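Q: Below: one structure in C-alpha coordinates.
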Amino acid sequence: MDDTQKLLMRRYLLGAVDEGEREQVEERFFSDPEYHAELLGAEEDLVGDYLESNLSAEDRNLFRTHYLATPQKLQSVQVTAALLKYCSTAEAETTRPEAFTDFKSQSKARQSSGRNWRFAYAAVAIAALIIVSVTVALILRKQGGPTESDISRELRELNGPQSASKTAGASIILLPVSLRGEGESPNLSLRPGTEVVQLILVLPRDDYPAYTITIQRDNDAKPYTVDDLHPTNTAAGKALSLKLPAWFMRPQEYALEAKGLTPDSALKNVAEYTLKVHP
Amino acid sequence: MFRELTFNQTQFDLMLKWLGDDRDAAGKKYEEIRENLIRLFTWRGCYNAEELSDEVINRVTVKIENLLAHYEGDPARYFYGVAKKLLLENQRKQRLQTPLPEVAAYDPGTPEEHSALELIYECLAACMKELKPAESSLIVSYYAGEKQEKIRGRKGLARQSGVAPNTLRVRVYRIRETLEKCIKRCVNQRK
(Lines give C-alpha, C1' and ligand atoms only; values in the text may rest on other atoms or scores of the structure.)
Protein backbone atom coordinates (compact mmCIF):
# COMPACT_ATOMS: atom_id res chain seq x y z
CA MET A 1 0.00 0.00 0.00
CA ASP A 2 1.60 3.31 -1.03
CA ASP A 3 1.75 6.50 1.00
CA THR A 4 -0.98 8.16 -1.08
CA GLN A 5 -3.45 5.45 -0.18
CA LYS A 6 -2.44 5.53 3.47
CA LEU A 7 -2.90 9.29 3.52
CA LEU A 8 -6.31 8.94 1.86
CA MET A 9 -7.34 6.35 4.46
CA ARG A 10 -6.30 8.65 7.29
CA ARG A 11 -8.16 11.58 5.72
CA TYR A 12 -11.23 9.37 5.31
CA LEU A 13 -11.18 8.43 8.99
CA LEU A 14 -10.79 12.10 9.91
CA GLY A 15 -13.72 13.04 7.66
CA ALA A 16 -11.50 15.19 5.45
CA VAL A 17 -12.43 13.71 2.06
CA ASP A 18 -14.87 14.62 -0.68
CA GLU A 19 -17.77 12.40 -1.72
CA GLY A 20 -15.83 10.69 -4.54
CA GLU A 21 -12.90 9.83 -2.31
CA ARG A 22 -15.23 8.58 0.42
CA GLU A 23 -16.93 6.18 -1.99
CA GLN A 24 -13.57 5.04 -3.34
CA VAL A 25 -12.41 4.11 0.17
CA GLU A 26 -15.67 2.48 1.21
CA GLU A 27 -16.10 0.44 -1.99
CA ARG A 28 -12.61 -0.98 -1.64
CA PHE A 29 -13.19 -1.61 2.06
CA PHE A 30 -16.12 -3.84 1.14
CA SER A 31 -14.60 -5.57 -1.88
CA ASP A 32 -10.82 -5.83 -1.40
CA PRO A 33 -9.69 -7.92 1.62
CA GLU A 34 -6.19 -6.45 1.60
CA TYR A 35 -7.53 -2.91 1.54
CA HIS A 36 -10.00 -3.82 4.28
CA ALA A 37 -7.17 -4.94 6.55
CA GLU A 38 -5.08 -1.88 5.68
CA LEU A 39 -7.92 0.48 6.55
CA LEU A 40 -8.41 -1.20 9.91
CA GLY A 41 -4.66 -0.91 10.45
CA ALA A 42 -4.78 2.77 9.48
CA GLU A 43 -7.54 3.30 12.03
CA GLU A 44 -5.48 1.57 14.70
CA ASP A 45 -2.47 3.75 13.86
CA LEU A 46 -4.60 6.90 13.90
CA VAL A 47 -5.97 6.12 17.36
CA GLY A 48 -2.44 5.28 18.56
CA ASP A 49 -1.11 8.58 17.18
CA TYR A 50 -3.92 10.46 18.92
CA LEU A 51 -3.29 8.81 22.26
CA GLU A 52 0.47 9.30 21.96
CA SER A 53 -0.05 12.97 20.91
CA ASN A 54 1.55 12.40 17.52
CA LEU A 55 -1.15 14.18 15.50
CA SER A 56 -0.82 17.71 14.14
CA ALA A 57 -3.11 20.28 15.77
CA GLU A 58 -5.34 20.18 12.69
CA ASP A 59 -5.65 16.39 12.64
CA ARG A 60 -6.15 16.30 16.41
CA ASN A 61 -9.04 18.70 16.03
CA LEU A 62 -10.56 16.61 13.21
CA PHE A 63 -10.08 13.48 15.27
CA ARG A 64 -11.97 14.97 18.18
CA THR A 65 -14.77 16.53 16.16
CA HIS A 66 -15.26 13.84 13.52
CA TYR A 67 -13.78 10.52 14.56
CA LEU A 68 -14.93 10.76 18.16
CA ALA A 69 -18.40 11.95 17.17
CA THR A 70 -20.12 8.79 18.37
CA PRO A 71 -20.21 7.19 21.83
CA GLN A 72 -19.06 3.89 20.29
CA LYS A 73 -15.82 5.40 19.02
CA LEU A 74 -15.29 7.31 22.23
CA GLN A 75 -15.50 4.11 24.23
CA SER A 76 -13.33 2.23 21.79
CA VAL A 77 -10.60 4.89 22.09
CA GLN A 78 -10.84 4.79 25.88
CA VAL A 79 -10.42 1.02 25.78
CA THR A 80 -7.37 1.38 23.54
CA ALA A 81 -5.89 3.92 25.99
CA ALA A 82 -6.45 1.48 28.85
CA LEU A 83 -5.03 -1.42 26.82
CA LEU A 84 -1.87 0.50 25.94
CA LYS A 85 -1.32 1.36 29.58
CA TYR A 86 -2.20 -2.09 30.87
CA CYS A 87 -0.13 -3.98 28.31
CA SER A 88 2.93 -1.79 28.77
CA THR A 89 2.73 -2.39 32.53
CA ALA A 90 2.02 -6.09 32.11
CA GLU A 91 4.88 -6.58 29.67
CA ALA A 92 7.30 -4.71 31.90
CA GLU A 93 6.31 -6.96 34.78
CA THR A 94 6.11 -10.31 32.98
CA THR A 95 8.93 -11.68 35.05
CA ARG A 96 6.90 -11.05 38.21
CA PRO A 97 4.07 -13.40 39.19
CA GLU A 98 1.75 -10.45 39.92
CA ALA A 99 2.00 -9.24 36.33
CA PHE A 100 -1.75 -9.40 35.82
CA THR A 101 -2.86 -7.94 39.13
CA ASP A 102 -5.40 -5.20 38.83
CA PHE A 103 -4.74 -1.49 38.66
CA LYS A 104 -5.64 -0.68 42.25
CA SER A 105 -3.44 -3.34 43.79
CA GLN A 106 -0.60 -2.23 41.57
CA SER A 107 -1.12 1.35 42.72
CA LYS A 108 -1.13 0.28 46.38
CA ALA A 109 2.00 -1.79 45.90
CA ARG A 110 3.70 1.18 44.26
CA GLN A 111 2.68 3.46 47.15
CA SER A 112 4.04 1.13 49.81
CA SER A 113 7.31 0.57 48.05
CA GLY A 114 7.50 4.21 46.99
CA ARG A 115 9.51 5.41 49.97
CA ASN A 116 12.12 2.69 49.50
CA TRP A 117 12.56 3.62 45.88
CA ARG A 118 12.45 7.38 46.34
CA PHE A 119 16.06 7.63 47.47
CA ALA A 120 17.27 5.40 44.65
CA TYR A 121 15.30 7.44 42.08
CA ALA A 122 16.74 10.69 43.44
CA ALA A 123 20.29 9.34 43.30
CA VAL A 124 19.83 8.07 39.74
CA ALA A 125 18.21 11.34 38.68
CA ILE A 126 21.05 13.44 40.11
CA ALA A 127 23.66 11.21 38.48
CA ALA A 128 21.82 11.38 35.14
CA LEU A 129 21.53 15.15 35.41
CA ILE A 130 25.27 15.52 36.04
CA ILE A 131 26.13 13.25 33.09
CA VAL A 132 23.73 15.09 30.74
CA SER A 133 24.99 18.53 31.87
CA VAL A 134 28.63 17.60 31.40
CA THR A 135 27.93 16.02 27.99
CA VAL A 136 25.92 19.02 26.79
CA ALA A 137 28.61 21.43 28.03
CA LEU A 138 31.32 19.45 26.22
CA ILE A 139 29.30 19.31 23.01
CA LEU A 140 28.47 23.00 23.13
CA ARG A 141 32.09 23.95 23.81
CA LYS A 142 33.23 21.78 20.96
CA GLN A 143 30.53 22.57 18.41
CA GLY A 144 28.41 25.54 19.51
CA GLY A 145 25.23 23.65 18.43
CA PRO A 146 24.52 22.31 14.93
CA THR A 147 26.18 24.42 12.27
CA GLU A 148 24.55 25.45 8.99
CA SER A 149 26.42 22.69 7.22
CA ASP A 150 25.24 20.13 9.82
CA ILE A 151 21.65 21.21 9.21
CA SER A 152 22.04 21.17 5.43
CA ARG A 153 23.59 17.71 5.54
CA GLU A 154 20.80 16.37 7.75
CA LEU A 155 18.15 17.84 5.41
CA ARG A 156 19.88 16.25 2.40
CA GLU A 157 20.05 12.86 4.12
CA LEU A 158 16.45 12.96 5.24
CA ASN A 159 15.19 13.84 1.76
CA GLY A 160 17.64 11.82 -0.30
CA PRO A 161 17.09 8.46 -1.98
CA GLN A 162 17.61 6.56 1.29
CA SER A 163 15.10 8.68 3.19
CA ALA A 164 12.43 5.96 3.30
CA SER A 165 14.25 4.34 6.21
CA LYS A 166 13.43 7.36 8.42
CA THR A 167 9.77 7.24 9.35
CA ALA A 168 8.13 10.52 10.28
CA GLY A 169 6.66 10.67 13.78
CA ALA A 170 4.36 13.53 12.78
CA SER A 171 3.06 14.83 9.48
CA ILE A 172 0.98 17.72 8.26
CA ILE A 173 -0.51 18.63 4.88
CA LEU A 174 0.15 22.23 3.84
CA LEU A 175 -1.86 24.00 1.17
CA PRO A 176 -0.29 26.90 -0.75
CA VAL A 177 -1.11 30.31 0.73
CA SER A 178 -2.69 31.18 -2.64
CA LEU A 179 -5.26 28.40 -2.15
CA ARG A 180 -5.60 28.53 1.61
CA GLY A 181 -5.90 32.29 1.90
CA GLU A 182 -3.96 34.68 4.11
CA GLY A 183 -5.57 33.52 7.37
CA GLU A 184 -3.80 31.92 10.29
CA SER A 185 -1.06 29.42 9.46
CA PRO A 186 -1.65 25.71 10.02
CA ASN A 187 -0.51 24.67 13.49
CA LEU A 188 1.79 21.83 14.39
CA SER A 189 2.57 20.61 17.90
CA LEU A 190 5.39 18.15 18.33
CA ARG A 191 5.33 15.50 20.97
CA PRO A 192 8.56 14.88 22.88
CA GLY A 193 10.28 11.90 21.33
CA THR A 194 9.35 12.82 17.75
CA GLU A 195 12.45 12.60 15.61
CA VAL A 196 11.27 13.37 12.10
CA VAL A 197 8.46 15.60 10.84
CA GLN A 198 6.96 15.20 7.38
CA LEU A 199 5.48 18.19 5.58
CA ILE A 200 3.28 17.36 2.61
CA LEU A 201 3.26 20.43 0.39
CA VAL A 202 0.34 20.34 -2.03
CA LEU A 203 1.26 21.88 -5.38
CA PRO A 204 -1.19 24.23 -7.13
CA ARG A 205 0.02 22.78 -10.45
CA ASP A 206 2.70 20.39 -11.55
CA ASP A 207 4.71 21.90 -14.40
CA TYR A 208 8.23 20.84 -13.52
CA PRO A 209 10.08 17.53 -13.22
CA ALA A 210 11.86 18.54 -10.01
CA TYR A 211 11.44 21.10 -7.26
CA THR A 212 13.46 22.95 -4.66
CA ILE A 213 12.03 23.90 -1.29
CA THR A 214 13.40 26.76 0.78
CA ILE A 215 12.67 26.95 4.50
CA GLN A 216 13.06 30.23 6.30
CA ARG A 217 13.14 30.40 10.09
CA ASP A 218 12.95 33.62 12.13
CA ASN A 219 16.55 33.95 13.21
CA ASP A 220 18.36 32.33 10.32
CA ALA A 221 20.35 34.68 8.10
CA LYS A 222 19.33 32.78 4.99
CA PRO A 223 16.86 30.02 4.21
CA TYR A 224 17.77 26.35 4.07
CA THR A 225 17.30 24.61 0.74
CA VAL A 226 16.32 21.07 -0.16
CA ASP A 227 16.82 20.21 -3.82
CA ASP A 228 15.67 17.60 -6.25
CA LEU A 229 12.28 16.81 -4.78
CA HIS A 230 9.84 15.02 -7.04
CA PRO A 231 6.07 15.31 -6.78
CA THR A 232 3.93 12.29 -6.02
CA ASN A 233 0.22 11.75 -6.39
CA THR A 234 -1.64 12.16 -3.14
CA ALA A 235 -5.32 12.26 -2.33
CA ALA A 236 -4.97 16.05 -2.19
CA GLY A 237 -3.36 16.16 -5.65
CA LYS A 238 0.31 16.41 -6.64
CA ALA A 239 2.43 17.11 -3.59
CA LEU A 240 6.03 17.25 -2.40
CA SER A 241 7.08 15.39 0.71
CA LEU A 242 9.65 17.16 2.86
CA LYS A 243 11.14 15.54 5.94
CA LEU A 244 12.69 17.67 8.65
CA PRO A 245 14.45 16.72 11.88
CA ALA A 246 12.24 17.57 14.85
CA TRP A 247 15.10 19.43 16.57
CA PHE A 248 15.13 21.82 13.60
CA MET A 249 11.46 22.73 14.17
CA ARG A 250 11.72 25.27 16.96
CA PRO A 251 8.40 26.77 18.07
CA GLN A 252 7.94 29.70 15.68
CA GLU A 253 6.45 30.63 12.30
CA TYR A 254 7.98 29.03 9.21
CA ALA A 255 7.85 30.27 5.62
CA LEU A 256 8.44 27.77 2.85
CA GLU A 257 8.68 28.24 -0.89
CA ALA A 258 8.42 25.64 -3.63
CA LYS A 259 10.35 26.44 -6.79
CA GLY A 260 10.23 24.45 -10.02
CA LEU A 261 13.39 23.57 -11.92
CA THR A 262 13.12 24.47 -15.63
CA PRO A 263 14.96 22.51 -18.37
CA ASP A 264 17.55 25.32 -18.53
CA SER A 265 18.18 24.94 -14.76
CA ALA A 266 16.39 28.12 -13.73
CA LEU A 267 14.15 28.14 -10.64
CA LYS A 268 10.59 29.43 -10.97
CA ASN A 269 8.39 30.26 -7.99
CA VAL A 270 5.49 27.82 -7.71
CA ALA A 271 3.93 28.22 -4.27
CA GLU A 272 4.41 29.64 -0.80
CA TYR A 273 3.43 27.94 2.45
CA THR A 274 3.44 28.93 6.09
CA LEU A 275 3.41 26.82 9.21
CA LYS A 276 3.35 27.61 12.90
CA VAL A 277 5.07 25.20 15.28
CA HIS A 278 3.90 25.25 18.89
CA PRO A 279 5.83 24.04 21.92
CA MET B 1 -37.15 3.66 13.62
CA PHE B 2 -37.75 1.89 10.35
CA ARG B 3 -40.92 0.27 9.14
CA GLU B 4 -40.67 -3.38 10.05
CA LEU B 5 -39.54 -5.61 7.21
CA THR B 6 -40.18 -9.27 7.66
CA PHE B 7 -38.54 -12.07 5.80
CA ASN B 8 -39.13 -15.78 6.12
CA GLN B 9 -36.71 -18.58 6.89
CA THR B 10 -36.49 -19.55 3.21
CA GLN B 11 -35.42 -16.04 2.29
CA PHE B 12 -32.79 -16.01 5.06
CA ASP B 13 -31.47 -19.40 3.91
CA LEU B 14 -31.31 -18.16 0.34
CA MET B 15 -29.41 -15.09 1.49
CA LEU B 16 -26.87 -17.28 3.30
CA LYS B 17 -26.57 -19.48 0.22
CA TRP B 18 -25.92 -16.34 -1.82
CA LEU B 19 -22.99 -15.60 0.50
CA GLY B 20 -21.49 -19.09 0.14
CA ASP B 21 -22.35 -22.69 -0.59
CA ASP B 22 -20.84 -23.88 2.66
CA ARG B 23 -23.19 -22.82 5.45
CA ASP B 24 -20.45 -22.23 8.04
CA ALA B 25 -18.43 -20.11 5.64
CA ALA B 26 -21.59 -18.24 4.66
CA GLY B 27 -22.34 -17.61 8.34
CA LYS B 28 -18.87 -16.14 8.81
CA LYS B 29 -19.31 -14.00 5.71
CA TYR B 30 -22.63 -12.76 7.07
CA GLU B 31 -20.99 -11.75 10.38
CA GLU B 32 -18.17 -10.08 8.51
CA ILE B 33 -20.57 -8.04 6.36
CA ARG B 34 -22.56 -7.00 9.41
CA GLU B 35 -19.38 -5.91 11.25
CA ASN B 36 -18.25 -3.94 8.21
CA LEU B 37 -21.61 -2.23 7.97
CA ILE B 38 -21.42 -1.25 11.65
CA ARG B 39 -17.91 0.15 11.08
CA LEU B 40 -19.10 2.07 8.01
CA PHE B 41 -22.02 3.67 9.81
CA THR B 42 -19.84 4.52 12.81
CA TRP B 43 -17.17 6.11 10.60
CA ARG B 44 -19.97 8.13 9.04
CA GLY B 45 -20.92 9.40 12.52
CA CYS B 46 -24.19 7.45 12.96
CA TYR B 47 -25.21 6.85 16.58
CA ASN B 48 -27.48 3.96 15.61
CA ALA B 49 -24.89 1.98 13.62
CA GLU B 50 -26.14 -1.45 14.70
CA GLU B 51 -29.76 -0.63 13.97
CA LEU B 52 -28.82 0.70 10.53
CA SER B 53 -26.72 -2.38 9.76
CA ASP B 54 -29.59 -4.70 10.64
CA GLU B 55 -31.90 -2.62 8.47
CA VAL B 56 -29.52 -3.04 5.51
CA ILE B 57 -29.52 -6.80 6.02
CA ASN B 58 -33.31 -6.84 6.28
CA ARG B 59 -33.72 -4.87 3.07
CA VAL B 60 -31.36 -7.17 1.18
CA THR B 61 -32.95 -10.35 2.55
CA VAL B 62 -36.53 -9.43 1.58
CA LYS B 63 -35.34 -8.90 -1.98
CA ILE B 64 -33.22 -12.05 -2.17
CA GLU B 65 -35.24 -13.88 -4.85
CA ASN B 66 -35.00 -10.89 -7.14
CA LEU B 67 -31.29 -10.52 -6.42
CA LEU B 68 -30.55 -14.15 -7.19
CA ALA B 69 -32.33 -13.75 -10.50
CA HIS B 70 -30.82 -10.46 -11.61
CA TYR B 71 -27.75 -9.39 -9.61
CA GLU B 72 -24.31 -10.46 -10.66
CA GLY B 73 -21.29 -9.57 -8.58
CA ASP B 74 -19.91 -9.54 -5.07
CA PRO B 75 -22.75 -9.59 -2.50
CA ALA B 76 -20.68 -7.35 -0.18
CA ARG B 77 -20.82 -4.57 -2.77
CA TYR B 78 -24.59 -4.87 -2.96
CA PHE B 79 -24.86 -4.53 0.81
CA TYR B 80 -22.68 -1.43 0.57
CA GLY B 81 -24.97 0.03 -2.11
CA VAL B 82 -28.01 -0.42 0.14
CA ALA B 83 -26.05 1.06 3.07
CA LYS B 84 -25.26 4.19 1.04
CA LYS B 85 -28.94 4.66 0.24
CA LEU B 86 -29.82 4.23 3.90
CA LEU B 87 -27.18 6.76 4.90
CA LEU B 88 -28.86 9.35 2.71
CA GLU B 89 -32.24 8.57 4.27
CA ASN B 90 -30.73 8.71 7.75
CA GLN B 91 -29.07 12.07 7.08
CA ARG B 92 -32.38 13.50 5.87
CA LYS B 93 -34.10 12.18 9.01
CA GLN B 94 -31.43 13.51 11.37
CA ARG B 95 -31.73 16.95 9.78
CA LEU B 96 -35.44 16.95 10.61
CA GLN B 97 -34.88 15.84 14.19
CA THR B 98 -33.49 17.76 17.16
CA PRO B 99 -29.69 17.59 17.05
CA LEU B 100 -28.20 14.88 19.24
CA PRO B 101 -26.12 16.06 22.19
CA GLU B 102 -22.49 16.50 21.28
CA VAL B 103 -20.17 13.81 22.58
CA ALA B 104 -17.61 15.36 24.90
CA ALA B 105 -14.23 15.25 23.20
CA TYR B 106 -12.01 12.66 24.78
CA ASP B 107 -8.86 14.11 26.19
CA PRO B 108 -6.87 11.57 28.22
CA GLY B 109 -5.24 14.46 30.11
CA THR B 110 -8.33 15.80 31.94
CA PRO B 111 -9.21 14.67 35.52
CA GLU B 112 -12.68 13.50 34.36
CA GLU B 113 -11.18 11.33 31.66
CA HIS B 114 -8.54 10.06 34.03
CA SER B 115 -11.29 8.91 36.38
CA ALA B 116 -13.27 7.33 33.51
CA LEU B 117 -10.12 5.65 32.29
CA GLU B 118 -9.36 4.29 35.74
CA LEU B 119 -12.74 2.54 35.83
CA ILE B 120 -12.21 1.14 32.34
CA TYR B 121 -8.73 0.09 33.42
CA GLU B 122 -10.06 -1.79 36.44
CA CYS B 123 -12.63 -3.54 34.25
CA LEU B 124 -10.00 -4.31 31.64
CA ALA B 125 -7.80 -5.94 34.27
CA ALA B 126 -10.76 -8.08 35.40
CA CYS B 127 -11.76 -8.95 31.81
CA MET B 128 -8.21 -9.91 30.86
CA LYS B 129 -8.45 -12.67 33.47
CA GLU B 130 -11.45 -14.11 31.64
CA LEU B 131 -9.48 -14.58 28.43
CA LYS B 132 -7.63 -17.78 27.62
CA PRO B 133 -3.91 -17.48 28.55
CA ALA B 134 -2.85 -17.52 24.88
CA GLU B 135 -5.33 -14.74 24.10
CA SER B 136 -4.24 -12.48 26.97
CA SER B 137 -0.61 -13.11 26.09
CA LEU B 138 -1.27 -12.14 22.45
CA ILE B 139 -3.07 -8.94 23.49
CA VAL B 140 -0.25 -7.91 25.84
CA SER B 141 2.41 -8.53 23.20
CA TYR B 142 0.37 -6.72 20.54
CA TYR B 143 -0.27 -3.52 22.48
CA ALA B 144 2.96 -3.25 24.47
CA GLY B 145 5.78 -0.84 23.64
CA GLU B 146 6.20 2.63 22.22
CA LYS B 147 5.32 3.45 18.64
CA GLN B 148 8.34 2.17 16.66
CA GLU B 149 9.05 -0.61 19.13
CA LYS B 150 5.41 -1.64 18.87
CA ILE B 151 5.49 -1.75 15.06
CA ARG B 152 8.63 -3.91 15.12
CA GLY B 153 7.11 -6.05 17.87
CA ARG B 154 3.95 -6.72 15.86
CA LYS B 155 5.92 -7.74 12.79
CA GLY B 156 7.99 -10.10 14.92
CA LEU B 157 4.85 -11.46 16.56
CA ALA B 158 3.29 -12.19 13.15
CA ARG B 159 6.47 -13.98 12.05
CA GLN B 160 6.56 -16.03 15.26
CA SER B 161 2.92 -17.00 14.80
CA GLY B 162 3.55 -17.85 11.14
CA VAL B 163 0.80 -15.53 9.89
CA ALA B 164 0.63 -12.32 7.87
CA PRO B 165 0.45 -9.07 9.90
CA ASN B 166 -3.11 -8.50 8.69
CA THR B 167 -4.18 -11.95 9.87
CA LEU B 168 -2.65 -11.22 13.26
CA ARG B 169 -4.58 -7.94 13.36
CA VAL B 170 -7.86 -9.75 12.66
CA ARG B 171 -7.12 -12.21 15.48
CA VAL B 172 -6.47 -9.35 17.85
CA TYR B 173 -9.69 -7.62 16.74
CA ARG B 174 -11.70 -10.71 17.59
CA ILE B 175 -10.20 -10.88 21.08
CA ARG B 176 -10.67 -7.15 21.49
CA GLU B 177 -14.34 -7.43 20.64
CA THR B 178 -14.76 -9.95 23.45
CA LEU B 179 -12.85 -7.63 25.79
CA GLU B 180 -14.90 -4.57 24.83
CA LYS B 181 -18.18 -6.40 25.50
CA CYS B 182 -16.87 -7.55 28.87
CA ILE B 183 -15.62 -4.03 29.75
CA LYS B 184 -18.95 -2.46 28.76
CA ARG B 185 -20.79 -4.90 31.02
CA CYS B 186 -18.37 -4.34 33.88
CA VAL B 187 -18.46 -0.52 33.61
CA ASN B 188 -22.28 -0.52 33.62
CA GLN B 189 -22.31 -2.71 36.74
CA ARG B 190 -19.84 -0.55 38.66
CA LYS B 191 -21.31 2.86 37.73
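Letters for chains follow the order of the C-alpha coordinates (A, B, ...), residue numbers begin at 1 for each chain, and ligand numbers begin at 1 in the order shown.
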Give me, as a PyMOL selection string, the residues of chain A touching chain B, with the criterion being at most 6 Å (counting only C-alpha atoms).

A: chain A and resi 30+37+64+69-70+82+84+87-88+102-103

Q: If you run DSSP on the backbone, which residues of segment 34-186 of chain B are alpha helix (DSSP H), as a PyMOL selection string?

A: chain B and resi 34-43+49-62+64-70+75-96+111-128+133-143+147-161+165-186

Q: Please measure the separation of atom CA of Leu67 of chain B and atom CA of Val25 of chain A, giving the value in Å to one decimal.

A: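 Separating atom CA of Leu67 of chain B from atom CA of Val25 of chain A is a distance of 24.8 Å.
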
Q: Pick out the residues sitting within 10 Å of segment 10-19 of chain B, and hand them over as a ChimeraX atom specification; count only C-alpha atoms, and ignore anything fewer than 6 positions along from it in its own chain.

A: /B:25-30,33,57-58,60-65,67-68,74-76

Q: Please provide the set of residues having any atom within 9 Å of Phe248 of chain A, restricted to only C-alpha atoms, with same-chain residues fewer than 3 positions apart removed, written as a ChimeraX atom specification.

A: /A:151,244-245
